[in-house]
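**Student:** So that you have it, the file is run_12.cif, and it contains mmCIF, C-alpha atoms:
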data_final
loop_
_atom_site.group_PDB
_atom_site.id
_atom_site.type_symbol
_atom_site.label_atom_id
_atom_site.label_comp_id
_atom_site.auth_asym_id
_atom_site.auth_seq_id
_atom_site.Cartn_x
_atom_site.Cartn_y
_atom_site.Cartn_z
ATOM 1 C CA MET A 1 38.962 -1.455 60.116
ATOM 2 C CA LYS A 2 38.219 -3.002 63.484
ATOM 3 C CA SER A 3 37.850 -6.711 62.681
ATOM 4 C CA VAL A 4 38.660 -9.187 59.925
ATOM 5 C CA CYS A 5 37.072 -12.574 59.338
ATOM 6 C CA VAL A 6 39.600 -15.275 58.436
ATOM 7 C CA TYR A 7 38.481 -18.427 56.644
ATOM 8 C CA CYS A 8 41.024 -21.239 56.868
ATOM 9 C CA GLY A 9 41.479 -24.965 57.195
ATOM 10 C CA SER A 10 40.605 -27.128 60.169
ATOM 11 C CA SER A 11 43.702 -29.072 59.095
ATOM 12 C CA PRO A 12 47.248 -27.669 59.086
ATOM 13 C CA GLY A 13 48.051 -28.772 55.534
ATOM 14 C CA ILE A 14 51.280 -30.471 54.508
ATOM 15 C CA LEU A 15 53.526 -27.403 54.286
ATOM 16 C CA PRO A 16 54.916 -25.653 57.389
ATOM 17 C CA ALA A 17 54.503 -22.429 55.404
ATOM 18 C CA TYR A 18 50.754 -22.529 55.988
ATOM 19 C CA ALA A 19 51.036 -22.391 59.780
ATOM 20 C CA ASP A 20 53.859 -19.846 59.508
ATOM 21 C CA ALA A 21 51.577 -17.617 57.436
ATOM 22 C CA ALA A 22 48.741 -18.009 59.956
ATOM 23 C CA ARG A 23 51.047 -16.819 62.733
ATOM 24 C CA GLU A 24 52.299 -13.963 60.549
ATOM 25 C CA LEU A 25 48.747 -12.873 59.792
ATOM 26 C CA ALA A 26 47.953 -12.991 63.511
ATOM 27 C CA ARG A 27 50.933 -10.729 64.240
ATOM 28 C CA GLU A 28 49.867 -8.251 61.573
ATOM 29 C CA LEU A 29 46.298 -8.156 62.882
ATOM 30 C CA VAL A 30 47.400 -7.530 66.465
ATOM 31 C CA ALA A 31 49.931 -4.887 65.382
ATOM 32 C CA ARG A 32 47.121 -3.008 63.615
ATOM 33 C CA ASP A 33 44.675 -3.481 66.517
ATOM 34 C CA ILE A 34 42.371 -5.503 64.266
ATOM 35 C CA ALA A 35 40.319 -8.228 65.952
ATOM 36 C CA LEU A 36 40.149 -11.738 64.532
ATOM 37 C CA VAL A 37 36.765 -13.246 63.711
ATOM 38 C CA TYR A 38 36.828 -16.901 62.661
ATOM 39 C CA GLY A 39 35.072 -20.242 62.854
ATOM 40 C CA GLY A 40 35.870 -20.925 66.508
ATOM 41 C CA GLY A 41 37.916 -24.104 66.125
ATOM 42 C CA LYS A 42 41.019 -25.103 68.042
ATOM 43 C CA VAL A 43 42.425 -27.427 65.364
ATOM 44 C CA GLY A 44 44.350 -26.904 62.136
ATOM 45 C CA LEU A 45 45.148 -23.423 60.847
ATOM 46 C CA MET A 46 42.115 -22.160 62.732
ATOM 47 C CA GLY A 47 43.741 -23.051 66.011
ATOM 48 C CA VAL A 48 47.138 -21.713 64.940
ATOM 49 C CA ILE A 49 45.927 -18.225 64.112
ATOM 50 C CA ALA A 50 43.627 -17.988 67.137
ATOM 51 C CA ASN A 51 46.330 -19.158 69.525
ATOM 52 C CA GLU A 52 48.812 -16.637 68.138
ATOM 53 C CA VAL A 53 46.362 -13.756 68.350
ATOM 54 C CA MET A 54 45.574 -14.576 71.973
ATOM 55 C CA HIS A 55 49.252 -15.140 72.813
ATOM 56 C CA LEU A 56 50.055 -11.653 71.513
ATOM 57 C CA GLY A 57 47.281 -10.034 73.527
ATOM 58 C CA GLY A 58 44.874 -9.492 70.649
ATOM 59 C CA GLN A 59 41.148 -10.077 70.362
ATOM 60 C CA ALA A 60 39.731 -13.280 68.864
ATOM 61 C CA THR A 61 36.037 -14.068 68.445
ATOM 62 C CA GLY A 62 34.954 -17.530 67.357
ATOM 63 C CA ILE A 63 31.568 -18.603 66.011
ATOM 64 C CA ILE A 64 30.922 -22.326 65.946
ATOM 65 C CA PRO A 65 27.845 -24.517 65.381
ATOM 66 C CA SER A 66 26.706 -26.576 68.358
ATOM 67 C CA ALA A 67 27.345 -29.825 66.476
ATOM 68 C CA LEU A 68 31.048 -29.009 66.191
ATOM 69 C CA MET A 69 31.179 -28.119 69.883
ATOM 70 C CA GLN A 70 29.873 -31.609 70.592
ATOM 71 C CA TRP A 71 32.846 -32.962 68.609
ATOM 72 C CA GLU A 72 35.063 -31.038 71.054
ATOM 73 C CA VAL A 73 36.796 -28.924 68.420
ATOM 74 C CA GLY A 74 35.691 -25.564 69.865
ATOM 75 C CA HIS A 75 38.349 -23.192 71.218
ATOM 76 C CA HIS A 76 37.658 -22.216 74.840
ATOM 77 C CA GLY A 77 40.594 -19.800 75.180
ATOM 78 C CA LEU A 78 39.190 -16.965 73.048
ATOM 79 C CA THR A 79 38.030 -13.473 73.870
ATOM 80 C CA GLU A 80 34.541 -14.610 72.882
ATOM 81 C CA LEU A 81 33.086 -17.890 71.635
ATOM 82 C CA HIS A 82 29.563 -17.898 70.221
ATOM 83 C CA VAL A 83 27.859 -21.279 69.890
ATOM 84 C CA VAL A 84 25.161 -21.060 67.227
ATOM 85 C CA LYS A 85 22.504 -23.341 65.791
ATOM 86 C CA ASP A 86 23.940 -24.199 62.391
ATOM 87 C CA MET A 87 26.349 -23.262 59.602
ATOM 88 C CA HIS A 88 24.009 -20.644 58.141
ATOM 89 C CA GLU A 89 23.816 -18.770 61.442
ATOM 90 C CA ARG A 90 27.574 -19.126 61.839
ATOM 91 C CA LYS A 91 28.353 -17.550 58.478
ATOM 92 C CA ALA A 92 25.851 -14.737 58.971
ATOM 93 C CA MET A 93 27.313 -13.815 62.353
ATOM 94 C CA MET A 94 30.892 -14.003 61.073
ATOM 95 C CA ALA A 95 29.948 -11.599 58.293
ATOM 96 C CA GLN A 96 28.080 -9.225 60.581
ATOM 97 C CA LEU A 97 30.990 -8.973 63.013
ATOM 98 C CA SER A 98 33.646 -8.370 60.330
ATOM 99 C CA ASP A 99 34.870 -5.413 58.298
ATOM 100 C CA GLY A 100 36.673 -7.596 55.747
ATOM 101 C CA PHE A 101 37.338 -11.221 54.795
ATOM 102 C CA ILE A 102 40.565 -13.166 54.218
ATOM 103 C CA ALA A 103 40.764 -16.747 52.974
ATOM 104 C CA MET A 104 43.892 -18.631 53.919
ATOM 105 C CA PRO A 105 44.619 -22.122 52.578
ATOM 106 C CA GLY A 106 41.818 -24.494 53.446
ATOM 107 C CA GLY A 107 39.434 -27.134 52.185
ATOM 108 C CA LEU A 108 35.892 -27.320 50.891
ATOM 109 C CA GLY A 109 34.433 -25.356 53.797
ATOM 110 C CA THR A 110 36.871 -22.520 53.230
ATOM 111 C CA MET A 111 35.956 -22.431 49.545
ATOM 112 C CA GLU A 112 32.240 -22.418 50.305
ATOM 113 C CA GLU A 113 32.584 -19.536 52.759
ATOM 114 C CA LEU A 114 34.816 -17.572 50.406
ATOM 115 C CA PHE A 115 32.560 -17.839 47.382
ATOM 116 C CA GLU A 116 29.384 -17.085 49.301
ATOM 117 C CA THR A 117 30.998 -13.924 50.660
ATOM 118 C CA LEU A 118 32.290 -13.033 47.211
ATOM 119 C CA THR A 119 28.850 -13.577 45.667
ATOM 120 C CA TRP A 120 27.278 -11.341 48.312
ATOM 121 C CA ALA A 121 29.751 -8.611 47.357
ATOM 122 C CA GLN A 122 29.038 -9.083 43.642
ATOM 123 C CA LEU A 123 25.311 -8.644 44.299
ATOM 124 C CA GLY A 124 25.785 -5.630 46.536
ATOM 125 C CA PHE A 125 24.763 -7.318 49.782
ATOM 126 C CA HIS A 126 27.940 -5.930 51.370
ATOM 127 C CA ASP A 127 30.809 -3.669 50.354
ATOM 128 C CA LYS A 128 33.630 -5.083 52.466
ATOM 129 C CA PRO A 129 37.045 -6.118 51.098
ATOM 130 C CA ILE A 130 37.758 -9.777 50.311
ATOM 131 C CA GLY A 131 41.206 -11.257 49.837
ATOM 132 C CA LEU A 132 43.157 -14.458 49.364
ATOM 133 C CA LEU A 133 46.345 -15.024 51.320
ATOM 134 C CA ASN A 134 48.042 -16.981 48.549
ATOM 135 C CA VAL A 135 50.587 -18.858 50.634
ATOM 136 C CA ALA A 136 53.138 -20.825 48.590
ATOM 137 C CA GLY A 137 50.982 -20.445 45.489
ATOM 138 C CA PHE A 138 48.102 -22.350 47.081
ATOM 139 C CA TYR A 139 45.480 -20.309 45.241
ATOM 140 C CA ASP A 140 47.212 -20.043 41.855
ATOM 141 C CA GLY A 141 44.858 -22.605 40.307
ATOM 142 C CA LEU A 142 41.775 -20.929 41.746
ATOM 143 C CA LEU A 143 42.843 -17.534 40.453
ATOM 144 C CA GLY A 144 43.365 -19.071 37.035
ATOM 145 C CA PHE A 145 39.879 -20.568 37.145
ATOM 146 C CA VAL A 146 38.340 -17.223 38.088
ATOM 147 C CA GLN A 147 40.001 -15.757 35.008
ATOM 148 C CA GLN A 148 38.561 -18.641 32.977
ATOM 149 C CA MET A 149 35.094 -17.611 34.150
ATOM 150 C CA VAL A 150 35.853 -14.076 32.993
ATOM 151 C CA THR A 151 37.128 -15.108 29.563
ATOM 152 C CA GLN A 152 34.108 -17.371 29.044
ATOM 153 C CA GLY A 153 31.680 -14.580 29.854
ATOM 154 C CA PHE A 154 30.283 -15.798 33.166
ATOM 155 C CA VAL A 155 31.970 -13.217 35.417
ATOM 156 C CA LYS A 156 32.759 -9.590 34.658
ATOM 157 C CA ALA A 157 36.366 -8.513 35.058
ATOM 158 C CA ALA A 158 35.351 -5.867 37.588
ATOM 159 C CA GLN A 159 33.610 -8.537 39.654
ATOM 160 C CA ALA A 160 36.684 -10.777 39.564
ATOM 161 C CA ASP A 161 38.695 -7.814 40.813
ATOM 162 C CA LEU A 162 36.684 -7.937 44.031
ATOM 163 C CA LEU A 163 38.915 -10.880 44.984
ATOM 164 C CA MET A 164 42.228 -9.379 46.030
ATOM 165 C CA HIS A 165 45.240 -11.640 46.486
ATOM 166 C CA GLU A 166 48.693 -11.301 47.992
ATOM 167 C CA GLU A 167 51.398 -13.660 49.222
ATOM 168 C CA HIS A 168 52.060 -11.744 52.445
ATOM 169 C CA PRO A 169 49.627 -10.583 55.137
ATOM 170 C CA ASP A 170 51.042 -7.071 55.464
ATOM 171 C CA LYS A 171 50.497 -6.342 51.769
ATOM 172 C CA LEU A 172 46.971 -7.752 51.825
ATOM 173 C CA LEU A 173 45.985 -5.749 54.904
ATOM 174 C CA GLU A 174 47.418 -2.614 53.325
ATOM 175 C CA ARG A 175 45.195 -3.188 50.292
ATOM 176 C CA PHE A 176 42.267 -3.628 52.674
ATOM 177 C CA ARG A 177 43.120 -0.271 54.244
ATOM 178 C CA GLN A 178 43.088 1.405 50.825
ATOM 179 C CA PHE A 179 39.938 -0.377 49.646
ATOM 180 C CA GLU A 180 37.191 1.893 48.336
ATOM 181 C CA PRO A 181 33.786 0.191 48.627
ATOM 182 C CA GLY A 182 31.024 0.216 46.088
ATOM 183 C CA THR A 183 33.076 0.413 42.885
ATOM 184 C CA HIS A 184 32.496 -3.085 41.436
ATOM 185 C CA GLN A 185 29.253 -4.436 42.896
ATOM 186 C CA HIS A 186 26.134 -5.075 40.860
ATOM 187 C CA LYS A 187 23.444 -2.916 42.404
ATOM 188 C CA LEU A 188 20.063 -4.572 42.800
ATOM 189 C CA ASP A 189 16.878 -2.582 42.201
ATOM 190 C CA THR A 190 14.646 -4.587 44.512
ATOM 191 C CA GLY A 191 15.444 -2.634 47.648
ATOM 192 C CA THR A 192 16.619 -5.841 49.350
ATOM 193 C CA ALA A 193 20.308 -5.629 48.564
ATOM 194 C CA LYS A 194 21.219 -4.700 52.132
ATOM 195 C CA SER A 195 18.886 -7.193 53.817
ATOM 196 C CA VAL A 196 21.444 -9.999 54.200
ATOM 197 C CA LEU A 197 24.107 -8.073 56.085
ATOM 198 C CA PRO A 198 23.853 -4.912 58.179
#
Could you render the structure as structure tokens?

**Tutor:**
Amino acid sequence: MKSVCVYCGSSPGILPAYADAARELARELVARDIALVYGGGKVGLMGVIANEVMHLGGQATGIIPSALMQWEVGHHGLTELHVVKDMHERKAMMAQLSDGFIAMPGGLGTMEELFETLTWAQLGFHDKPIGLLNVAGFYDGLLGFVQQMVTQGFVKAAQADLLMHEEHPDKLLERFRQFEPGTHQHKLDTGTAKSVLP
């Protein structure tokens, strides 16, 4: 695994544990020589993890829409910063550059990115690992809701299992290392299942 995409908040949240976890994840990525791919911001948890990766001598690539650059939230101290046209291009590039996906605590944008990536995996558009860094129980409610979707017959248990979750970055990255692709995805018969992501 050469790179991991991290979805996280453009706000720091109310608990110091969130920023502490972002720095811990940055340390674990650098120690494993895994590059960070993220949304390119300098604020909130996005800025915390990027700053720590760069401080430790790691690699950090940001992808940010031009509109957000105009709001002056782009991070200019990264290894690479790609300014793209819109959110769709941003998400596609983040996915293409990454070998796995981690969602830290965040807001609506983090949820949207997470579930789109998870849906792509369910449909067989990619076979990369996806995980929640469940800091201070932040995602307990979400995990419960995913199980509700399973019990009500809208999601298969094997598909729900695509969403790994751990409280600590080292344990989550170890599960990523052991991940075997292609065991839970729904395979499409149209021949287009690999057209979204390379």

**Student:** With distances taken over all atoms listed in the file, which residue among A:Glu28, A:Glu89, A:Glu80, A:Glu180 lies nearest A:Gly40?

**Tutor:** A:Glu80

**Student:** When you count all atoms listed in the file, which of these residues is closest to A:Pro169: A:Ala22, A:Cys8, A:Leu123, A:Val43?

**Tutor:** A:Ala22

**Student:** So what do you get for atom CA of A:Ala103 versus atom CA of A:Lys171, distance-wise?

**Tutor:** 14.3 Å

**Student:** Mind pulling up the distance from atom CA of A:Leu114 to atom CA of A:Ala35?

**Tutor:**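 Between atom CA of A:Ala35 and atom CA of A:Leu114 the gap works out to 19.0 Å.
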
**Student:** Select, from A:Phe138, A:Tyr38, A:Phe145, A:Phe125, the residue with the minimum atom-to-atom distance to A:Thr79, counting all atoms listed in the file.

**Tutor:**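 Using all atoms listed in the file, A:Thr79 sits closest to A:Tyr38.
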
**Student:** Using only C-alpha atoms for the distances, tell me which of A:Thr61, A:Gln96, A:Thr117, A:Asn134 is nearest to A:Glu166.

**Tutor:**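 Of all the options, A:Asn134 lies closest to A:Glu166.
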
**Student:** As an exercise, work out the distance from atom CA of A:Gly39 to atom CA of A:Glu52 in Å and give it to one decimal place.

**Tutor:**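 Value for the atom CA of A:Gly39-atom CA of A:Glu52 distance: 15.2 Å.
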
**Student:** Which residues match the PyMOL selection byres ((chain A and resi 118) around 12) in the file above, as a ChimeraX atom specification?

**Tutor:** /A:95,100-103,111-117,119-132,146,155,159-164,184-186
